[in-house]
$ cat input-v2.cif   # mmCIF, C-alpha atoms
data_protein
loop_
_atom_site.label_atom_id
_atom_site.label_comp_id
_atom_site.auth_asym_id
_atom_site.auth_seq_id
_atom_site.Cartn_x
_atom_site.Cartn_y
_atom_site.Cartn_z
CA MET D 19 74.85 180.20 70.83
CA MET D 20 72.44 179.29 73.64
CA SER D 21 72.87 181.31 76.87
CA ARG D 22 73.12 179.68 80.32
CA ILE D 23 69.67 179.81 82.06
CA SER D 24 69.64 181.71 85.35
CA SER D 25 67.01 182.80 87.84
CA ASP D 26 66.87 186.41 86.50
CA VAL D 27 65.54 185.57 83.00
CA SER D 28 62.54 187.85 82.15
CA PRO D 29 59.04 186.42 81.39
CA GLN D 30 59.31 187.71 77.81
CA THR D 31 62.52 185.83 77.28
CA GLN D 32 61.06 182.68 78.85
CA ALA D 33 58.07 182.86 76.51
CA THR D 34 60.32 182.72 73.45
CA GLN D 35 62.32 179.73 74.72
CA PRO D 36 61.52 176.19 73.64
CA PHE D 37 59.46 174.13 76.08
CA TYR D 38 62.38 171.97 77.20
CA MET D 39 64.36 175.08 78.15
CA GLN D 40 61.50 176.33 80.30
CA LEU D 41 61.23 172.89 81.93
CA ARG D 42 64.96 172.91 82.70
CA HIS D 43 64.65 176.33 84.30
CA PHE D 44 61.78 175.11 86.48
CA LEU D 45 63.75 172.11 87.67
CA LEU D 46 66.77 174.23 88.56
CA LEU D 47 64.58 176.53 90.61
CA ALA D 48 63.04 173.53 92.39
CA VAL D 49 66.46 172.09 93.26
CA SER D 50 67.57 175.47 94.58
CA VAL D 51 64.58 175.58 96.93
CA VAL D 52 65.30 172.09 98.22
CA LEU D 53 68.97 172.86 98.79
CA PHE D 54 68.13 176.06 100.59
CA ALA D 55 65.64 174.25 102.80
CA GLY D 56 68.30 171.68 103.61
CA CYS D 57 70.45 174.36 105.15
CA ASP D 58 68.00 174.83 108.01
CA THR D 59 70.15 174.99 111.12
CA GLU D 60 67.34 173.38 113.17
CA SER D 61 67.36 170.13 111.09
CA GLU D 62 68.73 166.88 112.68
CA SER D 63 72.42 166.05 111.97
CA ILE D 64 73.46 162.59 110.75
CA TRP D 65 76.37 162.68 113.22
CA ASP D 66 75.72 160.63 116.36
CA PRO D 67 77.50 162.39 119.23
CA ASP D 68 77.15 159.22 121.37
CA PHE D 69 78.96 156.97 118.83
CA GLU D 70 82.00 155.17 120.24
CA ASP D 71 84.46 153.51 117.89
CA ARG D 72 84.97 149.84 118.72
CA PRO D 73 88.52 148.91 119.80
CA SER D 74 90.63 147.53 117.00
CA PRO D 75 90.93 143.72 116.90
CA ALA D 76 94.35 142.36 117.83
CA ILE D 77 95.90 138.99 116.91
CA SER D 78 98.17 137.36 119.47
CA SER D 79 98.63 133.87 117.96
CA VAL D 80 97.62 131.65 115.03
CA GLU D 81 97.40 127.84 115.02
CA PRO D 82 98.69 125.98 113.14
CA ALA D 83 101.60 128.38 113.31
CA GLY D 84 103.14 129.61 110.08
CA SER D 85 101.12 127.62 107.54
CA ALA D 86 98.00 125.58 106.87
CA PHE D 87 96.45 123.65 104.01
CA ALA D 88 94.53 125.99 101.73
CA GLY D 89 90.81 125.28 101.68
CA ILE D 90 91.20 122.41 104.17
CA ASP D 91 92.56 123.23 107.63
CA VAL D 92 90.70 125.06 110.36
CA VAL D 93 92.90 127.96 111.44
CA THR D 94 92.46 129.12 115.06
CA ILE D 95 93.19 132.80 115.70
CA SER D 96 93.52 133.99 119.31
CA GLY D 97 93.54 137.61 120.43
CA SER D 98 91.28 140.36 121.71
CA ASN D 99 88.48 142.70 120.63
CA PHE D 100 86.84 140.15 118.37
CA SER D 101 83.07 139.54 118.40
CA ALA D 102 80.76 136.71 119.41
CA ASN D 103 78.59 137.52 116.37
CA THR D 104 79.68 135.67 113.24
CA ASP D 105 78.24 138.36 110.98
CA ASP D 106 80.53 140.97 112.54
CA VAL D 107 83.79 139.21 111.71
CA LEU D 108 85.80 138.88 108.49
CA VAL D 109 89.19 137.16 108.27
CA PHE D 110 91.16 138.12 105.17
CA PHE D 111 93.93 136.09 103.57
CA ASP D 112 95.33 138.85 101.39
CA ASP D 113 92.07 140.21 99.97
CA ILE D 114 90.06 136.98 100.09
CA PRO D 115 87.88 136.23 103.13
CA GLY D 116 87.96 132.79 104.73
CA GLU D 117 84.97 130.73 105.83
CA ILE D 118 84.16 131.46 109.47
CA VAL D 119 83.60 128.34 111.58
CA SER D 120 83.17 129.86 115.05
CA VAL D 121 83.80 133.14 116.84
CA SER D 122 84.10 134.57 120.33
CA GLU D 123 85.50 137.76 121.80
CA THR D 124 88.96 136.18 122.00
CA GLN D 125 89.06 133.39 119.39
CA ILE D 126 88.12 132.84 115.75
CA GLN D 127 88.16 129.60 113.80
CA VAL D 128 88.26 129.93 110.02
CA VAL D 129 88.91 127.80 106.93
CA PRO D 130 91.23 129.69 104.55
CA PRO D 131 90.41 130.01 100.84
CA ASN D 132 91.78 127.42 98.43
CA THR D 133 94.49 129.73 97.10
CA PRO D 134 97.89 128.23 97.97
CA LYS D 135 100.49 131.01 98.32
CA PRO D 136 102.14 133.27 100.93
CA VAL D 137 99.52 135.67 102.30
CA THR D 138 98.96 138.34 104.92
CA LEU D 139 96.28 137.52 107.48
CA ARG D 140 94.19 140.25 109.09
CA ILE D 141 90.82 140.66 110.80
CA SER D 142 88.02 143.16 110.35
CA VAL D 143 85.31 143.55 113.02
CA ALA D 144 82.15 145.57 112.43
CA GLY D 145 82.22 148.85 114.40
CA ALA D 146 86.00 149.01 114.53
CA SER D 147 87.56 151.60 112.24
CA ASN D 148 90.84 149.73 111.89
CA PHE D 149 91.90 146.27 110.85
CA SER D 150 93.88 144.09 113.21
CA ASN D 151 97.62 143.77 113.08
CA VAL D 152 98.89 141.80 110.09
CA ILE D 153 100.34 138.28 110.30
CA ASP D 154 102.48 136.76 107.52
CA TYR D 155 101.15 133.30 106.75
CA THR D 156 101.48 130.57 104.10
CA LEU D 157 98.64 128.63 102.55
CA GLU D 158 99.99 125.32 101.30
CA SER D 159 98.46 122.90 98.82
CA ALA D 160 97.77 119.35 99.98
CA LEU D 161 97.85 118.26 96.32
CA THR D 162 100.93 118.29 94.10
CA PRO D 163 101.13 117.18 90.45
CA PHE D 164 103.46 114.21 90.08
CA GLY D 165 105.08 112.15 87.37
CA GLY D 166 105.72 114.64 84.60
CA LEU D 167 103.25 112.99 82.22
CA ILE D 168 102.45 114.77 79.00
CA ARG D 169 98.93 115.42 77.73
CA SER D 170 98.84 112.34 75.46
CA GLU D 171 99.74 109.99 78.36
CA THR D 172 96.87 108.59 80.41
CA PRO D 173 97.60 106.59 83.59
CA PHE D 174 95.27 103.82 84.75
CA SER D 175 96.79 102.47 87.95
CA VAL D 176 99.68 102.95 90.36
CA THR D 177 101.50 100.84 92.92
CA SER D 178 104.68 101.59 94.88
CA ASP D 179 107.61 100.14 96.79
CA SER D 180 109.00 100.86 100.24
CA ASP D 181 111.31 103.55 98.85
CA GLY D 182 108.37 105.53 97.49
CA ASN D 183 108.98 104.72 93.84
CA ALA D 184 105.74 104.73 91.86
CA TYR D 185 104.96 102.16 89.17
CA VAL D 186 102.38 103.45 86.71
CA SER D 187 100.50 101.55 84.01
CA LEU D 188 99.69 104.05 81.29
CA GLN D 189 98.49 104.56 77.78
CA ALA D 190 100.50 106.74 75.39
CA GLY D 191 98.27 108.00 72.63
CA ASN D 192 96.23 105.00 71.50
CA VAL D 193 98.67 102.30 72.60
CA SER D 194 100.03 100.97 75.86
CA GLY D 195 102.95 102.87 77.33
CA GLY D 196 103.93 99.89 79.47
CA ILE D 197 104.66 100.25 83.17
CA ARG D 198 106.79 103.25 84.08
CA LYS D 199 108.87 103.60 87.23
CA ILE D 200 108.91 107.12 88.69
CA THR D 201 111.10 108.00 91.68
CA PRO D 202 109.95 110.51 94.34
CA ALA D 203 112.29 113.00 92.57
CA GLU D 204 110.34 112.30 89.35
CA GLU D 205 113.19 110.54 87.58
CA THR D 206 111.56 108.08 85.17
CA SER D 207 112.53 104.77 83.61
CA GLN D 208 110.67 101.96 81.91
CA PHE D 209 109.95 99.06 84.27
CA VAL D 210 108.49 96.88 81.52
CA ASP D 211 107.20 97.32 77.99
CA ASN D 212 103.80 95.75 77.59
CA ARG D 213 100.99 95.99 75.09
CA PHE D 214 98.18 96.15 77.69
CA VAL D 215 97.20 98.61 80.41
CA PHE D 216 96.23 97.37 83.88
CA GLY D 217 93.50 98.46 86.24
CA ASP D 218 95.30 97.41 89.44
CA MET D 219 98.81 96.32 90.40
CA ALA D 220 100.69 95.11 93.48
CA LEU D 221 104.43 94.78 94.11
CA THR D 222 106.32 92.41 96.41
CA ASP D 223 109.42 93.38 98.39
CA ALA D 224 111.41 91.15 96.02
CA GLY D 225 110.38 93.26 93.04
CA GLN D 226 107.78 90.91 91.56
CA LEU D 227 104.86 92.88 90.16
CA TYR D 228 101.37 91.43 89.73
CA ALA D 229 98.61 93.03 87.68
CA VAL D 230 94.99 92.53 86.59
CA ARG D 231 93.09 94.11 83.72
CA GLY D 232 89.47 92.97 83.89
CA ILE D 233 89.82 89.46 82.55
CA ARG D 234 90.15 86.20 84.51
CA ALA D 235 93.96 86.21 84.62
CA VAL D 236 96.60 87.60 86.98
CA PHE D 237 99.83 88.58 85.19
CA GLY D 238 103.35 88.72 86.63
CA PHE D 239 106.41 90.83 85.77
CA VAL D 240 109.94 91.47 86.86
CA GLU D 241 111.79 94.57 85.78
CA GLY D 242 112.70 94.40 82.10
CA GLY D 243 111.03 91.01 81.71
CA GLU D 244 108.21 89.62 79.62
CA GLN D 245 104.60 89.34 80.72
CA GLN D 246 103.79 85.98 82.32
CA THR D 247 100.37 84.56 83.16
CA PHE D 248 100.66 83.87 86.88
CA PHE D 249 97.12 82.59 87.51
CA ALA D 250 93.84 82.07 85.64
CA ALA D 251 90.47 81.62 87.33
CA GLU D 252 88.50 78.53 86.35
CA ASN D 253 85.39 80.63 85.79
CA ARG D 254 85.86 82.00 82.30
CA GLY D 255 83.40 84.80 83.05
CA ALA D 256 85.47 86.15 85.93
CA ARG D 257 86.60 89.76 85.63
CA LEU D 258 89.49 90.29 88.03
CA ARG D 259 90.14 93.98 88.66
CA SER D 260 91.55 94.18 92.21
CA ILE D 261 94.75 92.74 93.63
CA ALA D 262 96.81 92.72 96.82
CA VAL D 263 99.91 90.87 97.95
CA ALA D 264 100.90 89.69 101.45
CA ASP D 265 104.38 89.75 102.96
CA ASP D 266 104.67 85.98 102.50
CA GLY D 267 104.06 86.28 98.75
CA ARG D 268 100.43 85.14 98.65
CA VAL D 269 98.38 87.08 96.12
CA PHE D 270 94.71 88.02 96.54
CA ALA D 271 92.59 88.80 93.47
CA ALA D 272 88.91 89.66 93.03
CA GLY D 273 86.53 91.68 90.93
CA ASN D 274 83.23 91.09 89.20
CA ALA D 275 83.35 87.37 89.88
CA LEU D 276 81.97 84.65 92.15
CA ASN D 277 85.09 84.32 94.29
CA ILE D 278 87.98 85.97 96.06
CA HIS D 279 91.07 84.08 94.93
CA VAL D 280 93.97 83.41 97.29
CA ILE D 281 96.99 82.42 95.20
CA SER D 282 100.17 80.84 96.51
CA PRO D 283 103.60 82.04 95.27
CA ASP D 284 103.70 79.07 92.88
CA GLY D 285 100.41 80.11 91.24
CA GLU D 286 98.00 77.65 92.90
CA GLY D 287 94.69 79.33 93.72
CA THR D 288 91.93 78.77 96.27
CA ALA D 289 88.50 80.19 95.48
CA ASN D 290 86.60 81.79 98.39
CA PRO D 291 82.93 82.41 97.50
CA PHE D 292 81.87 86.05 97.30
CA VAL D 293 79.09 87.22 95.02
CA GLY D 294 79.61 90.86 94.12
CA ASP D 295 81.90 93.35 92.44
CA LEU D 296 84.98 94.17 94.49
CA GLY D 297 86.92 97.24 93.38
CA GLY D 298 89.58 97.44 96.08
CA LEU D 299 91.65 94.99 98.16
CA GLY D 300 94.11 95.66 100.97
CA ILE D 301 95.84 93.83 103.81
CA PHE D 302 96.14 95.08 107.39
CA ASP D 303 96.73 93.43 110.77
CA GLY D 304 95.99 89.90 109.59
CA PHE D 305 92.85 90.75 107.60
CA LEU D 306 92.04 91.09 103.93
CA TYR D 307 89.86 94.18 103.39
CA ALA D 308 87.62 94.33 100.35
CA ALA D 309 85.41 97.20 99.15
CA GLY D 310 82.69 96.85 96.56
CA SER D 311 79.04 96.23 95.84
CA THR D 312 76.62 93.34 96.22
CA ASP D 313 72.91 92.86 95.56
CA THR D 314 72.19 94.46 98.94
CA GLY D 315 74.34 97.57 98.50
CA SER D 316 77.93 98.78 98.82
CA GLY D 317 80.18 97.91 101.71
CA LEU D 318 83.65 97.48 103.14
CA TYR D 319 84.25 93.91 104.27
CA ARG D 320 87.08 92.01 105.88
CA PHE D 321 88.21 88.39 106.10
CA SER D 322 90.82 86.94 108.44
CA ILE D 323 93.85 85.56 106.62
CA PRO D 324 95.01 82.11 107.70
CA SER D 325 98.66 81.62 108.61
CA GLU D 326 98.93 79.27 105.66
CA GLY D 327 96.73 77.98 102.88
CA GLY D 328 94.07 79.84 100.95
CA THR D 329 90.82 79.58 102.92
CA LEU D 330 89.76 82.96 104.27
CA GLY D 331 87.86 83.49 107.50
CA PRO D 332 84.17 84.45 107.59
CA GLN D 333 83.01 87.67 105.95
CA GLU D 334 82.58 90.66 108.29
CA LEU D 335 80.96 93.98 107.39
CA VAL D 336 83.25 96.83 108.50
CA ALA D 337 81.21 99.73 107.09
CA ASP D 338 78.01 100.11 105.10
CA LEU D 339 78.95 102.35 102.17
CA SER D 340 75.43 102.53 100.72
CA SER D 341 74.87 105.87 102.47
CA LEU D 342 77.36 107.42 100.04
CA GLY D 343 75.03 106.95 97.07
CA GLU D 344 72.79 104.52 95.24
CA THR D 345 75.11 104.07 92.30
CA PHE D 346 78.82 104.75 92.44
CA THR D 347 81.98 102.87 91.56
CA ILE D 348 84.68 101.77 93.99
CA ASN D 349 88.05 101.73 92.23
CA ASP D 350 90.71 101.06 94.88
CA LEU D 351 91.64 101.32 98.54
CA ALA D 352 94.71 102.09 100.65
CA ILE D 353 95.16 101.42 104.36
CA ALA D 354 97.04 103.67 106.81
CA THR D 355 98.96 102.58 109.90
CA THR D 356 96.12 104.08 111.94
CA GLY D 357 93.75 101.49 110.51
CA GLU D 358 91.92 104.12 108.48
CA ILE D 359 90.99 102.97 104.99
CA PHE D 360 91.03 105.38 102.05
CA ILE D 361 88.57 104.34 99.36
CA ALA D 362 88.88 105.69 95.80
CA THR D 363 85.55 106.25 94.03
CA ASP D 364 83.82 108.28 91.32
CA LEU D 365 81.80 110.29 93.87
CA SER D 366 81.87 114.10 93.89
CA ASP D 367 84.24 113.81 96.88
CA PRO D 368 86.07 110.84 95.42
CA ILE D 369 88.22 109.71 98.38
CA GLN D 370 86.27 108.53 101.42
CA ILE D 371 87.90 107.55 104.72
CA VAL D 372 86.52 104.69 106.80
CA SER D 373 87.69 104.83 110.42
CA PRO D 374 88.22 101.68 112.52
CA ASP D 375 84.87 102.34 114.21
CA GLY D 376 83.10 102.19 110.83
CA SER D 377 82.38 105.92 110.51
CA ILE D 378 82.86 107.48 107.08
CA GLU D 379 83.99 110.96 106.06
CA PRO D 380 85.36 112.49 102.85
CA LEU D 381 89.00 113.42 102.50
CA TYR D 382 89.33 117.18 101.87
CA PRO D 383 85.75 117.94 100.73
CA GLY D 384 85.52 120.06 97.59
CA ILE D 385 89.25 119.90 96.84
CA ILE D 386 89.54 116.87 94.52
CA MET D 387 86.99 117.19 91.72
CA GLU D 388 87.60 114.20 89.41
CA PRO D 389 87.09 110.46 90.03
CA VAL D 390 90.11 108.70 91.57
CA LEU D 391 91.09 105.47 89.83
CA SER D 392 94.00 104.18 91.90
CA LEU D 393 95.87 104.81 95.17
CA ALA D 394 99.30 103.84 96.53
CA TRP D 395 101.44 104.99 99.45
CA ALA D 396 104.60 106.98 98.77
CA GLY D 397 106.91 104.78 100.83
CA ASN D 398 107.07 105.86 104.46
CA GLN D 399 106.08 109.43 103.64
CA PRO D 400 102.64 110.82 104.59
CA PHE D 401 101.56 110.95 100.96
CA LEU D 402 99.25 109.00 98.69
CA TYR D 403 99.87 108.70 94.99
CA ALA D 404 96.49 109.12 93.29
CA VAL D 405 95.62 108.49 89.65
CA ILE D 406 92.90 110.93 88.63
CA GLU D 407 90.53 110.26 85.76
CA ARG D 408 91.64 112.51 82.92
CA VAL D 409 88.43 114.13 81.67
CA THR D 410 89.48 116.98 79.39
CA GLY D 411 93.17 116.37 78.84
CA GLU D 412 94.01 119.44 80.92
CA GLU D 413 94.15 117.92 84.40
CA ASP D 414 97.26 116.60 86.13
CA PRO D 415 96.50 112.87 86.02
CA ILE D 416 98.73 111.83 88.94
CA LEU D 417 98.83 113.68 92.25
CA THR D 418 100.62 113.29 95.55
CA ILE D 419 98.16 113.98 98.34
CA ASN D 420 99.45 114.89 101.77
CA VAL D 421 97.11 112.96 104.06
CA ARG D 422 99.22 113.30 107.24
CA ARG D 423 99.25 109.54 107.70
CA THR D 424 101.60 106.81 106.56
CA GLY D 425 100.78 103.57 104.84
CA ALA D 426 100.39 100.18 106.44
#
$ encode --input "input-v2.cif" --output "C-alpha cells"
Amino acid sequence: MMSRISSDVSPQTQATQPFYMQLRHFLLLAVSVVLFAGCDTESESIWDPDFEDRPSPAISSVEPAGSAFAGIDVVTISGSNFSANTDDVLVFFDDIPGEIVSVSETQIQVVPPNTPKPVTLRISVAGASNFSNVIDYTLESALTPFGGLIRSETPFSVTSDSDGNAYVSLQAGNVSGGIRKITPAEETSQFVDNRFVFGDMALTDAGQLYAVRGIRAVFGFVEGGEQQTFFAAENRGARLRSIAVADDGRVFAAGNALNIHVISPDGEGTANPFVGDLGGLGIFDGFLYAAGSTDTGSGLYRFSIPSEGGTLGPQELVADLSSLGETFTINDLAIATTGEIFIATDLSDPIQIVSPDGSIEPLYPGIIMEPVLSLAWAGNQPFLYAVIERVTGEEDPILTINVRRTGA
C-alpha cells in the first residue's frame, strides 16, 4: 500500500519513488511555501475599513395598485434609497426581474415579466446588503382563451352583438362547422348550419347576419335559417372579403375589387370606385373606414356616408400604413369609442392601433405572436374577440383581449 508523502521523506526513499510521486511531493512543498508566505501579517487585507453599507431600499407605494398586466404595463414604484443609476437597480417579481424603464432615488418604473400569477415584488440596489420590503402583487393576463374550441376546429371570422355574444364561422375537420353562437359565459349553440366558411361577417341589431367569403356575393342569414344570396357584384372578378353594416341596415362590402359597394336593405347596390384590396371595413361617426393596399402602398382611408342613398363622399387618407412593412396583409379592423382603430394584420405585432391624429402604434408589443384574422367587440365590455391564425394546432384560436376601451 502506498504511504502518504510528507515533508520528512529521506532522499534515499525519494530516489526509489516513481517520477510522478516525486513531482507530487515537489508541488506540495511549493504550495506550503506559498501558503506560509500568505500569512505575512504585513500584507494588505481585502477588508475595506472605510466601506459603508448602503441603506436598504424601501417601497412606499406601487401604481397601478394591486395588479398590472404582465409584460405590458409600466409599474411605478415610489419609495426611498433607490438609485439614479439603472445598472444598480433590480426589481424582482418573485425571482424574475422586470425590465427597468427609468430610475431615480425615489421612483422606479418597470415593465413586469410576462408571467401572469400572484407574485411578491421586491427591490435590490447595488451596495445595499438587504432587499427592500416585500409587496404582494398580481400580474394579470390581458389575453384569455375563449370559445372552448377543440383542436380540430379552426375559426375564420367573428362578429358580435350588443350583448357580447360572439358568432364564429369555423371549420370542423375538413368541412364547415357552420356559424356558432358563443355567449360571454362560453355557452355554445349553432346559429346556422352552412357548408361554407366566411372570411368576414356583420350582424344587425335585428339579428340579420351578413357574410362574405372571397367571391363576388354577399350572403344573408337569420338564426336557424338557410343561406340566402343578398347581393352579387356585377363584376364577376370581384372578391369581396370585408363587410360592415350601418344602424339603418345599409351594408358595405369591399375586397380585391374595383369598387366599394353600398347595399340597401332590399339588396340594391351602388358601386363606388376604389382600386385596391381592402381587408377591413368599419363605421364611426358618419364615416366608413377602410384599410387595405393600393398600387401606392397600404393605408387607412375614410369616406363620408350620405344620409341616404349609396354614393360615398370623397376618399380621405387617415393614416399611411406603408411604414409598417412593404408586404403585409390587412385582415380586419375594429373601432373604439375613442376613435382609435384596431387593425388586424399578419405582422409580427399583428394588431396595430391608429389614433385619430393618424399616429400608429402596436397593441401590446411582443405579446400576441400569431397573425390575427378577425376582430369584434365583446358588447359594451372593454374586450376584443380576436381570431388567431392556428399555425400548429396547439394555440388557442380565439382570444378575448382586454384593451381598456369599448367598441363604437
$ residues_around --input "input-v2.cif" --residues "Asp181 of chain D" --least-positions-apart "5" --cutoff "12 Å" --atoms "all atoms listed in the file" --output "PyMOL selection string"
chain D and resi 199-203+223+225+395-399
$ resolve_selection --input "input-v2.cif" --expression "the PyMOL selection byres ((chain D and resi 270-272) around 10)" --output "MDAnalysis selection string"
chainID D and resid 218 220 228:230 232 234:236 249 251 256:264 267:269 273:282 287:290 292 294:301 306 308 328
$ resolve_selection --input "input-v2.cif" --expression "the PyMOL selection byres ((chain D and resi 135) around 6)" --output "list of chain:residue names"
D:Pro134, D:Pro136, D:Thr156, D:Leu157
$ resolve_selection --input "input-v2.cif" --expression "the PyMOL selection byres ((chain D and resi 346) around 9)" --output "list in words"
Ser316, Leu342, Gly343, Glu344, Thr345, Thr347, Ile348, Thr363, Asp364 and Leu365 of chain D
$ atom_distance --input "input-v2.cif" --atom1 "atom CA of Glu326 of chain D" --atom2 "atom CA of Asp266 of chain D"
9.4 Å
$ residues_around --input "input-v2.cif" --residues "Ile353 of chain D" --least-positions-apart "3" --cutoff "8 Å" --atoms "all atoms listed in the file" --output "list in words"
Gly300, Ile301, Phe302, Gly357, Glu358, Ile359, Phe360, Gly425 and Ala426 of chain D
$ atom_distance --input "input-v2.cif" --atom1 "atom CA of Gly84 of chain D" --atom2 "atom CA of Asp154 of chain D"
7.6 Å
$ residues_near_point --input "input-v2.cif" --point "(100.6, 109.9, 74.3)" --cutoff "6 Å" --atoms "all atoms listed in the file" --output "number ranges by chain"
D: 170-171, 190-191
$ atom_distance --input "input-v2.cif" --atom1 "atom CA of Gly89 of chain D" --atom2 "atom CA of Ser142 of chain D"
20.1 Å
$ closest_residue --input "input-v2.cif" --among "D:Val129, D:Leu391, D:Val372, D:Leu139" --to "Asp113 of chain D" --atoms "only C-alpha atoms"
D:Leu139
$ residues_around --input "input-v2.cif" --residues "Asp91 of chain D" --least-positions-apart "5" --cutoff "9 Å" --atoms "only C-alpha atoms" --output "list in words"
Pro82, Ala86, Val128, Val129, Pro130 and Tyr382 of chain D
$ closest_residue --input "input-v2.cif" --among "D:Gly327, D:Pro73, D:Gly310, D:Pro291" --to "Ala146 of chain D" --atoms "all atoms listed in the file"
D:Pro73
